[in-house]
file input.cif (mmCIF, C-alpha atoms)
data_upload
loop_
_atom_site.label_atom_id
_atom_site.label_comp_id
_atom_site.auth_asym_id
_atom_site.auth_seq_id
_atom_site.Cartn_x
_atom_site.Cartn_y
_atom_site.Cartn_z
CA MET U 667 -33.68 311.35 159.99
CA LYS U 668 -30.26 311.70 158.41
CA ALA U 669 -27.46 312.85 160.69
CA PHE U 670 -26.91 316.58 160.70
CA SER U 671 -23.36 317.77 160.23
CA PRO U 672 -22.05 321.10 161.46
CA ILE U 673 -20.53 323.46 158.92
CA GLU U 674 -16.92 323.97 159.94
CA LYS U 675 -14.92 327.07 159.21
CA HIS U 676 -11.38 326.46 158.08
CA GLN U 677 -8.90 327.79 160.62
CA ASP U 678 -5.16 327.48 160.67
CA TYR U 679 -3.81 328.78 163.95
CA THR U 680 -0.14 327.91 163.44
CA GLY U 681 -0.12 329.16 159.85
CA ALA U 682 -1.71 332.48 160.75
CA LYS U 683 0.75 333.09 163.55
CA MET U 684 3.76 332.03 161.49
CA GLY U 685 2.65 334.37 158.69
CA LEU U 686 2.53 337.33 161.01
CA TRP U 687 5.92 336.53 162.53
CA ILE U 688 7.47 336.41 159.05
CA PHE U 689 5.94 339.82 158.35
CA LEU U 690 7.42 341.09 161.62
CA PHE U 691 10.86 339.81 160.56
CA GLY U 692 10.53 341.98 157.45
CA GLU U 693 9.66 344.94 159.66
CA LEU U 694 12.69 344.27 161.84
CA LEU U 695 14.93 344.39 158.77
CA LEU U 696 13.26 347.62 157.58
CA PHE U 697 13.93 349.37 160.87
CA GLY U 698 17.28 347.58 161.18
CA ALA U 699 18.47 349.24 157.96
CA MET U 700 17.54 352.63 159.37
CA PHE U 701 19.35 351.88 162.61
CA ILE U 702 22.47 351.04 160.56
CA LEU U 703 22.22 354.45 158.85
CA TYR U 704 21.83 356.10 162.23
CA SER U 705 24.84 354.34 163.73
CA VAL U 706 27.11 355.11 160.77
CA PHE U 707 26.21 358.81 160.75
CA ARG U 708 26.51 358.97 164.49
CA HIS U 709 29.95 357.41 164.19
CA TRP U 710 30.93 360.14 161.71
CA TYR U 711 29.37 363.12 163.48
CA PRO U 712 29.37 362.32 167.22
CA GLN U 713 29.53 365.93 168.34
CA ASP U 714 26.77 367.16 166.01
CA PHE U 715 24.47 364.31 167.09
CA HIS U 716 25.19 365.18 170.68
CA ASN U 717 24.31 368.84 170.12
CA ALA U 718 21.23 368.16 168.01
CA SER U 719 19.83 365.72 170.55
CA ARG U 720 19.73 368.57 173.06
CA SER U 721 16.68 370.05 171.33
CA LEU U 722 14.74 366.84 172.00
CA ASN U 723 12.96 366.92 175.32
CA MET U 724 13.92 363.96 177.47
CA ILE U 725 10.73 364.21 179.52
CA THR U 726 8.56 364.00 176.39
CA GLY U 727 10.56 360.97 175.29
CA THR U 728 10.11 359.33 178.69
CA VAL U 729 6.37 359.94 178.60
CA HIS U 730 6.24 358.35 175.11
CA THR U 731 8.10 355.33 176.49
CA LEU U 732 5.87 354.93 179.52
CA VAL U 733 2.71 355.24 177.42
CA LEU U 734 3.87 352.62 174.91
CA LEU U 735 5.14 350.17 177.56
CA THR U 736 1.85 350.43 179.43
CA SER U 737 -0.11 349.96 176.21
CA SER U 738 1.87 346.79 175.57
CA LEU U 739 0.87 345.57 179.03
CA THR U 740 -2.83 346.28 178.50
CA MET U 741 -2.59 344.55 175.09
CA VAL U 742 -1.18 341.36 176.53
CA LEU U 743 -3.64 341.49 179.45
CA SER U 744 -6.52 341.64 177.00
CA ILE U 745 -5.26 338.39 175.43
CA THR U 746 -4.98 336.77 178.88
CA ALA U 747 -8.53 337.94 179.60
CA ILE U 748 -9.93 336.31 176.47
CA GLN U 749 -7.98 333.13 177.20
CA LYS U 750 -9.67 333.05 180.58
CA GLY U 751 -13.01 333.59 178.89
CA ASN U 752 -13.60 337.10 180.15
CA LYS U 753 -14.82 339.02 177.13
CA LYS U 754 -15.72 342.19 179.02
CA LEU U 755 -12.27 342.50 180.60
CA CYS U 756 -10.65 341.75 177.24
CA LEU U 757 -12.58 344.60 175.61
CA THR U 758 -11.74 346.95 178.49
CA PHE U 759 -8.01 346.28 178.13
CA LEU U 760 -8.25 346.55 174.36
CA PHE U 761 -9.99 349.90 174.70
CA LEU U 762 -7.26 351.10 177.09
CA THR U 763 -4.61 350.01 174.57
CA ILE U 764 -6.28 352.02 171.80
CA LEU U 765 -6.59 354.99 174.15
CA LEU U 766 -2.89 354.82 175.07
CA GLY U 767 -1.99 354.55 171.37
CA LEU U 768 -3.98 357.70 170.69
CA LEU U 769 -2.35 359.41 173.66
CA PHE U 770 1.04 358.56 172.16
CA MET U 771 0.04 360.13 168.85
CA VAL U 772 -1.36 363.28 170.51
CA ASN U 773 1.85 363.60 172.51
CA LYS U 774 3.83 363.13 169.29
CA TYR U 775 1.73 365.76 167.52
CA PHE U 776 2.51 368.37 170.15
CA GLU U 777 6.19 367.45 170.08
CA TRP U 778 6.45 367.80 166.30
CA GLU U 779 4.23 370.88 166.23
CA HIS U 780 6.57 372.55 168.70
CA LYS U 781 9.62 371.55 166.67
CA ILE U 782 8.20 372.69 163.34
CA HIS U 783 7.09 375.93 164.97
CA ASN U 784 10.72 376.49 166.00
CA GLY U 785 11.82 375.97 162.40
CA ILE U 786 13.30 372.52 162.90
CA TYR U 787 12.12 370.33 160.04
CA PRO U 788 13.92 368.78 157.05
CA GLY U 789 14.81 371.48 154.54
CA SER U 790 14.06 374.41 156.87
CA GLU U 791 16.26 377.50 156.68
CA PHE U 792 17.27 377.06 160.28
CA LEU U 793 18.47 373.50 159.72
CA LEU U 794 20.24 374.30 156.41
CA ALA U 795 22.35 376.82 158.32
CA GLN U 796 23.43 374.16 160.84
CA ALA U 797 26.36 371.76 160.71
CA LYS U 798 25.99 368.78 158.39
CA GLY U 799 25.66 366.26 161.24
CA VAL U 800 22.79 368.22 162.79
CA MET U 801 20.92 368.15 159.47
CA VAL U 802 21.53 364.41 159.17
CA PHE U 803 20.35 363.88 162.74
CA PHE U 804 17.04 365.57 162.13
CA SER U 805 16.50 363.90 158.75
CA LEU U 806 16.99 360.55 160.45
CA TYR U 807 14.87 361.62 163.41
CA TYR U 808 11.95 362.64 161.24
CA SER U 809 12.09 359.57 159.01
CA MET U 810 12.57 356.97 161.75
CA VAL U 811 10.20 358.45 164.30
CA GLY U 812 7.80 359.28 161.45
CA ILE U 813 7.72 355.72 160.12
CA HIS U 814 7.36 354.48 163.69
CA GLY U 815 4.42 356.88 164.16
CA LEU U 816 2.87 355.53 160.95
CA HIS U 817 3.10 352.06 162.45
CA VAL U 818 1.37 353.29 165.60
CA ILE U 819 -1.47 354.71 163.48
CA ILE U 820 -1.80 351.42 161.56
CA GLY U 821 -1.74 349.60 164.92
CA ILE U 822 -4.56 351.79 166.27
CA VAL U 823 -6.65 351.07 163.16
CA LEU U 824 -6.01 347.31 163.50
CA LEU U 825 -6.84 347.34 167.21
CA SER U 826 -10.07 349.25 166.58
CA TRP U 827 -11.03 346.66 163.98
CA ILE U 828 -10.26 343.76 166.32
CA PHE U 829 -12.16 345.52 169.11
CA TRP U 830 -15.23 345.46 166.88
CA GLU U 831 -14.59 341.81 165.96
CA VAL U 832 -14.29 340.71 169.60
CA LEU U 833 -17.29 342.81 170.55
CA LYS U 834 -19.59 341.07 168.08
CA LYS U 835 -17.92 337.69 167.76
CA PRO U 836 -16.53 335.32 170.27
CA ASP U 837 -19.98 333.79 170.54
CA HIS U 838 -19.11 330.72 168.54
CA HIS U 839 -21.69 329.76 165.92
CA SER U 840 -22.35 326.33 164.49
CA ARG U 841 -25.03 325.71 161.90
CA TRP U 842 -26.75 322.50 160.94
CA ASP U 843 -28.93 322.36 157.84
CA ALA U 844 -31.46 319.71 156.96
CA PHE U 845 -33.63 319.51 153.82
CA LEU U 846 -35.61 316.29 154.34
CA HIS U 847 -38.96 318.02 153.86
CA LYS U 848 -40.98 314.77 153.49
CA ASP U 849 -40.20 313.78 157.09
CA PHE U 850 -40.98 317.10 158.69
CA PRO U 851 -44.77 317.35 158.91
CA GLY U 852 -46.07 316.00 162.19
CA CYS U 853 -42.83 316.12 164.13
CA HIS U 854 -41.39 318.77 166.38
CA LEU U 855 -37.97 319.99 167.44
CA ALA U 856 -36.84 319.34 170.98
CA ILE U 857 -33.76 319.79 173.13
CA VAL U 858 -33.09 316.88 175.46
CA ASP U 859 -30.65 316.68 178.34
CA ALA U 860 -28.28 313.79 179.12
CA GLN U 861 -31.08 311.72 180.69
CA GLY U 862 -33.25 312.09 177.60
CA LYS U 863 -35.65 314.47 179.31
CA GLU U 864 -37.01 317.23 177.10
CA VAL U 865 -35.69 320.61 178.17
CA TRP U 866 -37.39 322.53 175.41
CA LYS U 867 -40.02 321.50 172.88
CA GLY U 868 -41.10 323.33 169.75
CA GLU U 869 -44.46 323.34 167.97
CA VAL U 870 -45.55 320.44 165.75
CA PHE U 871 -44.58 321.08 162.12
CA ASP U 872 -47.19 321.27 159.41
CA ASP U 873 -46.74 320.89 155.62
CA SER U 874 -45.23 324.33 155.22
CA VAL U 875 -41.93 323.36 156.92
CA LYS U 876 -39.51 322.32 154.17
CA GLN U 877 -36.13 322.68 155.83
CA ILE U 878 -34.50 323.20 159.22
CA HIS U 879 -31.52 325.37 159.97
CA LEU U 880 -30.19 324.87 163.43
CA ARG U 881 -27.81 327.55 164.64
CA VAL U 882 -26.04 327.15 167.95
CA SER U 883 -24.45 330.18 169.57
CA TYR U 884 -22.04 329.60 172.40
CA HIS U 885 -21.53 332.25 174.99
CA PRO U 886 -17.92 333.30 175.55
CA VAL U 887 -17.23 331.32 178.69
CA LYS U 888 -13.84 329.78 179.36
CA GLU U 889 -14.76 326.29 178.14
CA ARG U 890 -16.13 327.67 174.90
CA ILE U 891 -13.30 329.95 173.81
CA HIS U 892 -10.76 328.04 171.75
CA PHE U 893 -7.39 329.44 170.94
CA HIS U 894 -8.32 329.39 167.24
CA ASP U 895 -10.89 332.02 167.92
CA PHE U 896 -8.58 334.81 168.97
CA ILE U 897 -5.68 334.38 166.58
CA SER U 898 -6.47 337.75 164.96
CA LEU U 899 -6.38 339.39 168.38
CA GLU U 900 -3.06 337.70 169.13
CA ASN U 901 -1.64 338.78 165.77
CA CYS U 902 -2.70 342.40 166.29
CA GLY U 903 -1.04 342.16 169.70
CA LEU U 904 2.19 340.88 168.16
CA TYR U 905 2.23 343.83 165.76
CA TRP U 906 1.60 346.25 168.60
CA HIS U 907 4.48 344.79 170.64
CA LEU U 908 6.81 345.16 167.66
CA VAL U 909 5.96 348.87 167.52
CA ASP U 910 6.78 349.03 171.22
CA MET U 911 10.07 347.18 170.72
CA ILE U 912 11.20 349.64 168.05
CA TRP U 913 10.42 352.57 170.31
CA ILE U 914 12.53 350.92 173.06
CA PHE U 915 15.52 351.44 170.76
CA LEU U 916 14.49 354.82 169.36
CA PHE U 917 14.14 356.34 172.82
CA PRO U 918 17.74 356.06 174.11
CA LEU U 919 19.25 356.69 170.67
CA TYR U 920 17.45 360.00 170.09
CA TYR U 921 16.42 361.38 173.44
CA LEU U 922 19.21 360.30 175.77
CA ILE U 923 22.46 361.11 173.99
CA SER U 924 22.94 364.77 174.84
CA MET E 444 -10.22 320.89 165.86
CA ASN E 445 -8.82 321.68 169.23
CA GLN E 446 -6.22 318.99 169.62
CA ASP E 447 -2.95 320.63 168.58
CA HIS E 448 -0.78 322.38 171.11
CA HIS E 449 -2.72 324.84 173.16
CA PRO E 450 -0.77 327.99 174.03
CA CYS E 451 -0.47 328.08 177.78
CA VAL E 452 -2.34 330.79 179.57
CA ILE E 453 -0.02 333.19 181.34
CA GLY E 454 -1.57 334.95 184.30
CA TYR E 455 -2.15 338.66 184.76
CA GLN E 456 0.44 338.75 187.53
CA THR E 457 3.35 337.59 185.39
CA HIS E 458 2.65 340.31 182.86
CA ILE E 459 2.43 343.01 185.49
CA ILE E 460 5.77 341.88 186.93
CA ILE E 461 7.34 342.03 183.45
CA TRP E 462 5.87 345.52 182.98
CA LEU E 463 7.38 346.66 186.31
CA GLY E 464 10.71 345.23 185.14
CA LEU E 465 10.41 347.24 181.91
CA LEU E 466 9.71 350.41 183.89
CA ALA E 467 12.71 349.75 186.13
CA LEU E 468 14.95 349.25 183.10
CA THR E 469 13.63 352.51 181.59
CA ALA E 470 14.55 354.30 184.82
CA LEU E 471 17.98 352.66 184.71
CA THR E 472 18.65 353.80 181.15
CA ILE E 473 17.68 357.39 182.05
CA VAL E 474 19.90 357.40 185.14
CA VAL E 475 22.86 355.98 183.23
CA ALA E 476 22.39 358.55 180.45
CA GLY E 477 22.68 361.31 183.06
CA MET E 478 25.97 359.96 184.43
CA HIS E 479 28.10 361.08 181.44
CA LEU E 480 29.95 357.80 180.98
CA LYS E 481 31.18 358.91 177.50
CA GLY E 482 31.73 355.88 175.28
CA LEU E 483 30.32 353.44 177.78
CA SER E 484 26.91 355.13 177.98
CA ILE E 485 25.89 354.01 174.47
CA VAL E 486 26.94 350.44 175.30
CA VAL E 487 24.84 350.49 178.47
CA ALA E 488 21.90 352.13 176.65
CA LEU E 489 21.92 349.46 173.94
CA ALA E 490 22.35 346.64 176.45
CA VAL E 491 19.40 347.88 178.50
CA ALA E 492 17.31 348.31 175.32
CA ALA E 493 18.21 344.75 174.29
CA CYS E 494 17.11 343.47 177.72
CA LYS E 495 13.82 345.32 177.44
CA CYS E 496 13.27 343.96 173.93
CA SER E 497 13.96 340.43 175.14
CA LEU E 498 11.39 340.81 177.91
CA VAL E 499 8.77 342.12 175.47
CA CYS E 500 9.59 339.38 172.96
CA LEU E 501 9.73 336.45 175.36
CA PHE E 502 6.77 337.28 177.58
CA PHE E 503 4.50 339.83 175.90
CA MET E 504 4.88 338.24 172.47
CA HIS E 505 4.88 334.75 174.04
CA LEU E 506 8.00 333.73 172.11
CA LYS E 507 9.12 331.78 175.17
CA TYR E 508 6.14 329.47 174.74
CA GLU E 509 6.36 329.14 170.95
CA SER E 510 7.65 326.22 168.91
CA PHE E 511 11.33 325.54 168.40
CA PHE E 512 10.89 326.31 164.71
CA LEU E 513 9.62 329.84 165.32
CA LYS E 514 12.37 330.52 167.85
CA THR E 515 14.94 329.40 165.28
CA LEU E 516 13.40 331.66 162.62
CA PHE E 517 13.61 334.58 165.04
CA LEU E 518 17.24 333.86 165.80
CA VAL E 519 18.06 333.61 162.08
CA THR E 520 16.51 337.06 161.50
CA ILE E 521 18.52 338.57 164.33
CA LEU E 522 21.70 336.97 162.99
CA LEU E 523 20.90 338.28 159.51
CA LEU E 524 20.48 341.78 160.89
CA ALA E 525 23.67 341.44 162.94
CA SER E 526 25.60 340.34 159.85
CA PHE E 527 24.29 343.38 157.90
CA ILE E 528 25.47 345.63 160.70
CA GLY E 529 28.81 343.82 160.98
CA LEU E 530 29.52 343.93 157.25
CA THR E 531 28.62 347.62 157.06
CA TYR E 532 31.02 348.35 159.88
CA ILE E 533 33.81 346.35 158.22
CA ASP E 534 33.45 348.74 155.27
CA ILE E 535 33.43 351.79 157.48
CA PHE E 536 36.44 350.87 159.55
CA PHE E 537 38.69 349.15 157.03
CA ARG E 538 38.01 350.68 153.65
CA GLU E 539 39.92 353.75 152.53
CA GLY E 540 37.95 356.61 151.06
CA VAL E 541 34.46 355.64 152.17
CA MET E 542 32.42 358.72 151.36
CA LYS E 543 32.12 361.08 154.22
#

call {"tool": "encode", "arguments": {"input": "input.cif", "output": "structure tokens"}}
result
Amino acid sequence: MKAFSPIEKHQDYTGAKMGLWIFLFGELLLFGAMFILYSVFRHWYPQDFHNASRSLNMITGTVHTLVLLTSSLTMVLSITAIQKGNKKLCLTFLFLTILLGLLFMVNKYFEWEHKIHNGIYPGSEFLLAQAKGVMVFFSLYYSMVGIHGLHVIIGIVLLSWIFWEVLKKPDHHSRWDAFLHKDFPGCHLAIVDAQGKEVWKGEVFDDSVKQIHLRVSYHPVKERIHFHDFISLENCGLYWHLVDMIWIFLFPLYYLIS
Amino acid sequence: MNQDHHPCVIGYQTHIIIWLGLLALTALTIVVAGMHLKGLSIVVALAVAACKCSLVCLFFMHLKYESFFLKTLFLVTILLLASFIGLTYIDIFFREGVMK
């Protein structure tokens, strides 16, 4: 019988990771530009920024920070878990990360709801009556924190997708196909161990067998999980950490300056 | 398929220690903000934020274990951003009649 050859999937670990990092550099510049705007306006209106920041609750900001930092931890732990071949633990940590992301958004919703209820939103009558620096502060606050929140939502969607992927995937599949139908009748398939002893034996083929597809599924144990397999998980993690990093700067600049 | 550099596996413990460090730095930044250091407080806040970012980048994002090429790319981006900030500030400090 002709040698069977496994069908290989093309994977480029380094390329995939590099691509995501380059995307993250773009994100850094996007937020960097907004931080420049913030710093210039803060330089021009220090007193107004100081006063406006008073209406932001430091405790809410701290809770946001703790939630995001912890979600970063659970994210990285889920990658460690998959590296060690523990799929269940990986999924648990991933689920916790998604949960913490949602908690962040719920927290954010209540914060903004409260603010908008008090008439503090771009273009509101209350804000238009304030000093120019206060208006600028809240415009920047809503755009920067808003775009950050958008990133959190995108991150949650990505993490949910990868959760599903890990849940159904890391069993690694290989498939061998053979179409030598003339040789098939009268033989049978068998699995033999290293000593040549048959571990499993199938039924003898008759004329109806024309082709054989052999599909091997590996269970996600440590020896079977290659680092190529979880590049998407790693990339989602990188994105999630970037969101965390941006919040690390947003927190002291908006919540801690009064 | 599996021959190129394998990213090293970093244990759960290391990450938890980094996380505790991040929490400690968060506490530090809150305490310093409450001390009314005037001009110095923003410097401290940014320095602490930069430390936290470095921890996240190096350990959580595994940059410490990445290739030299990727590290260089990262540094170039940071320098690019720093030059944008620097050039903007040159305008703000040294140019007459910048719109205010």

call {"tool": "closest_atom_pairs", "arguments": {"input": "input.cif", "of": "region 515-543 of chain E", "to": "region 693-717 of chain U", "cutoff": "10 Å", "atoms": "all atoms listed in the file", "output": "JSON lines"}}
result
{"residue": "E:Thr520", "atom": "CA", "partner": "U:Leu695", "partner_atom": "CA", "distance": 8.0}
{"residue": "E:Ile521", "atom": "CA", "partner": "U:Leu694", "partner_atom": "CA", "distance": 8.5}
{"residue": "E:Leu523", "atom": "CA", "partner": "U:Leu695", "partner_atom": "CA", "distance": 8.6}
{"residue": "E:Leu524", "atom": "CA", "partner": "U:Leu695", "partner_atom": "CA", "distance": 6.5}
{"residue": "E:Ala525", "atom": "CA", "partner": "U:Gly698", "partner_atom": "CA", "distance": 9.0}
{"residue": "E:Phe527", "atom": "CA", "partner": "U:Ala699", "partner_atom": "CA", "distance": 8.3}
{"residue": "E:Ile528", "atom": "CA", "partner": "U:Ile702", "partner_atom": "CA", "distance": 6.2}
{"residue": "E:Gly529", "atom": "CA", "partner": "U:Ile702", "partner_atom": "CA", "distance": 9.6}
{"residue": "E:Thr531", "atom": "CA", "partner": "U:Ile702", "partner_atom": "CA", "distance": 7.9}
{"residue": "E:Tyr532", "atom": "CA", "partner": "U:Val706", "partner_atom": "CA", "distance": 7.9}
{"residue": "E:Ile535", "atom": "CA", "partner": "U:Val706", "partner_atom": "CA", "distance": 7.9}
{"residue": "E:Lys543", "atom": "CA", "partner": "U:Trp710", "partner_atom": "CA", "distance": 7.6}

call {"tool": "closest_residue", "arguments": {"input": "input.cif", "among": "U:Phe689, U:Trp830, U:Phe915, U:Phe896", "to": "Leu757 (chain U)", "atoms": "only C-alpha atoms"}}
result
U:Trp830

call {"tool": "closest_residue", "arguments": {"input": "input.cif", "among": "U:Ala797, U:Ser898, U:Ile878, U:Trp842", "to": "Gly681 (chain U)", "atoms": "only C-alpha atoms"}}
result
U:Ser898

call {"tool": "atom_distance", "arguments": {"input": "input.cif", "atom1": "CA of Ile453 (chain E)", "atom2": "CA of Leu768 (chain U)"}}
result
27.0 Å

call {"tool": "closest_residue", "arguments": {"input": "input.cif", "among": "E:Met504, E:Ala490, E:Leu522, E:Leu513", "to": "Tyr905 (chain U)", "atoms": "all atoms listed in the file"}}
result
E:Met504

call {"tool": "resolve_selection", "arguments": {"input": "input.cif", "expression": "the PyMOL selection byres ((chain U) within 6 of (chain E))", "output": "ChimeraX atom specification"}}
result
/U:742,904,911,914-915,922

call {"tool": "write_last_selection", "arguments": {"input": "input.cif", "atoms": "C-alpha atoms", "output": "PDB file, keeping the file's coordinate frame"}}
result
ATOM      1  CA  VAL U 742      -1.180 341.360 176.530  1.00  0.00           C
ATOM      2  CA  LEU U 904       2.190 340.880 168.160  1.00  0.00           C
ATOM      3  CA  MET U 911      10.070 347.180 170.720  1.00  0.00           C
ATOM      4  CA  ILE U 914      12.530 350.920 173.060  1.00  0.00           C
ATOM      5  CA  PHE U 915      15.520 351.440 170.760  1.00  0.00           C
ATOM      6  CA  LEU U 922      19.210 360.300 175.770  1.00  0.00           C
TER       7      LEU U 922
END

call {"tool": "closest_residue", "arguments": {"input": "input.cif", "among": "U:Ser721, U:Gln677, U:Ser738, U:Ser790", "to": "Ser805 (chain U)", "atoms": "only C-alpha atoms"}}
result
U:Ser790

call {"tool": "atom_distance", "arguments": {"input": "input.cif", "atom1": "CA of Thr726 (chain U)", "atom2": "CA of Tyr921 (chain U)"}}
result
8.8 Å

call {"tool": "closest_residue", "arguments": {"input": "input.cif", "among": "U:Thr736, U:Cys756, U:Val818, U:Asn723", "to": "Glu777 (chain U)", "atoms": "all atoms listed in the file"}}
result
U:Asn723
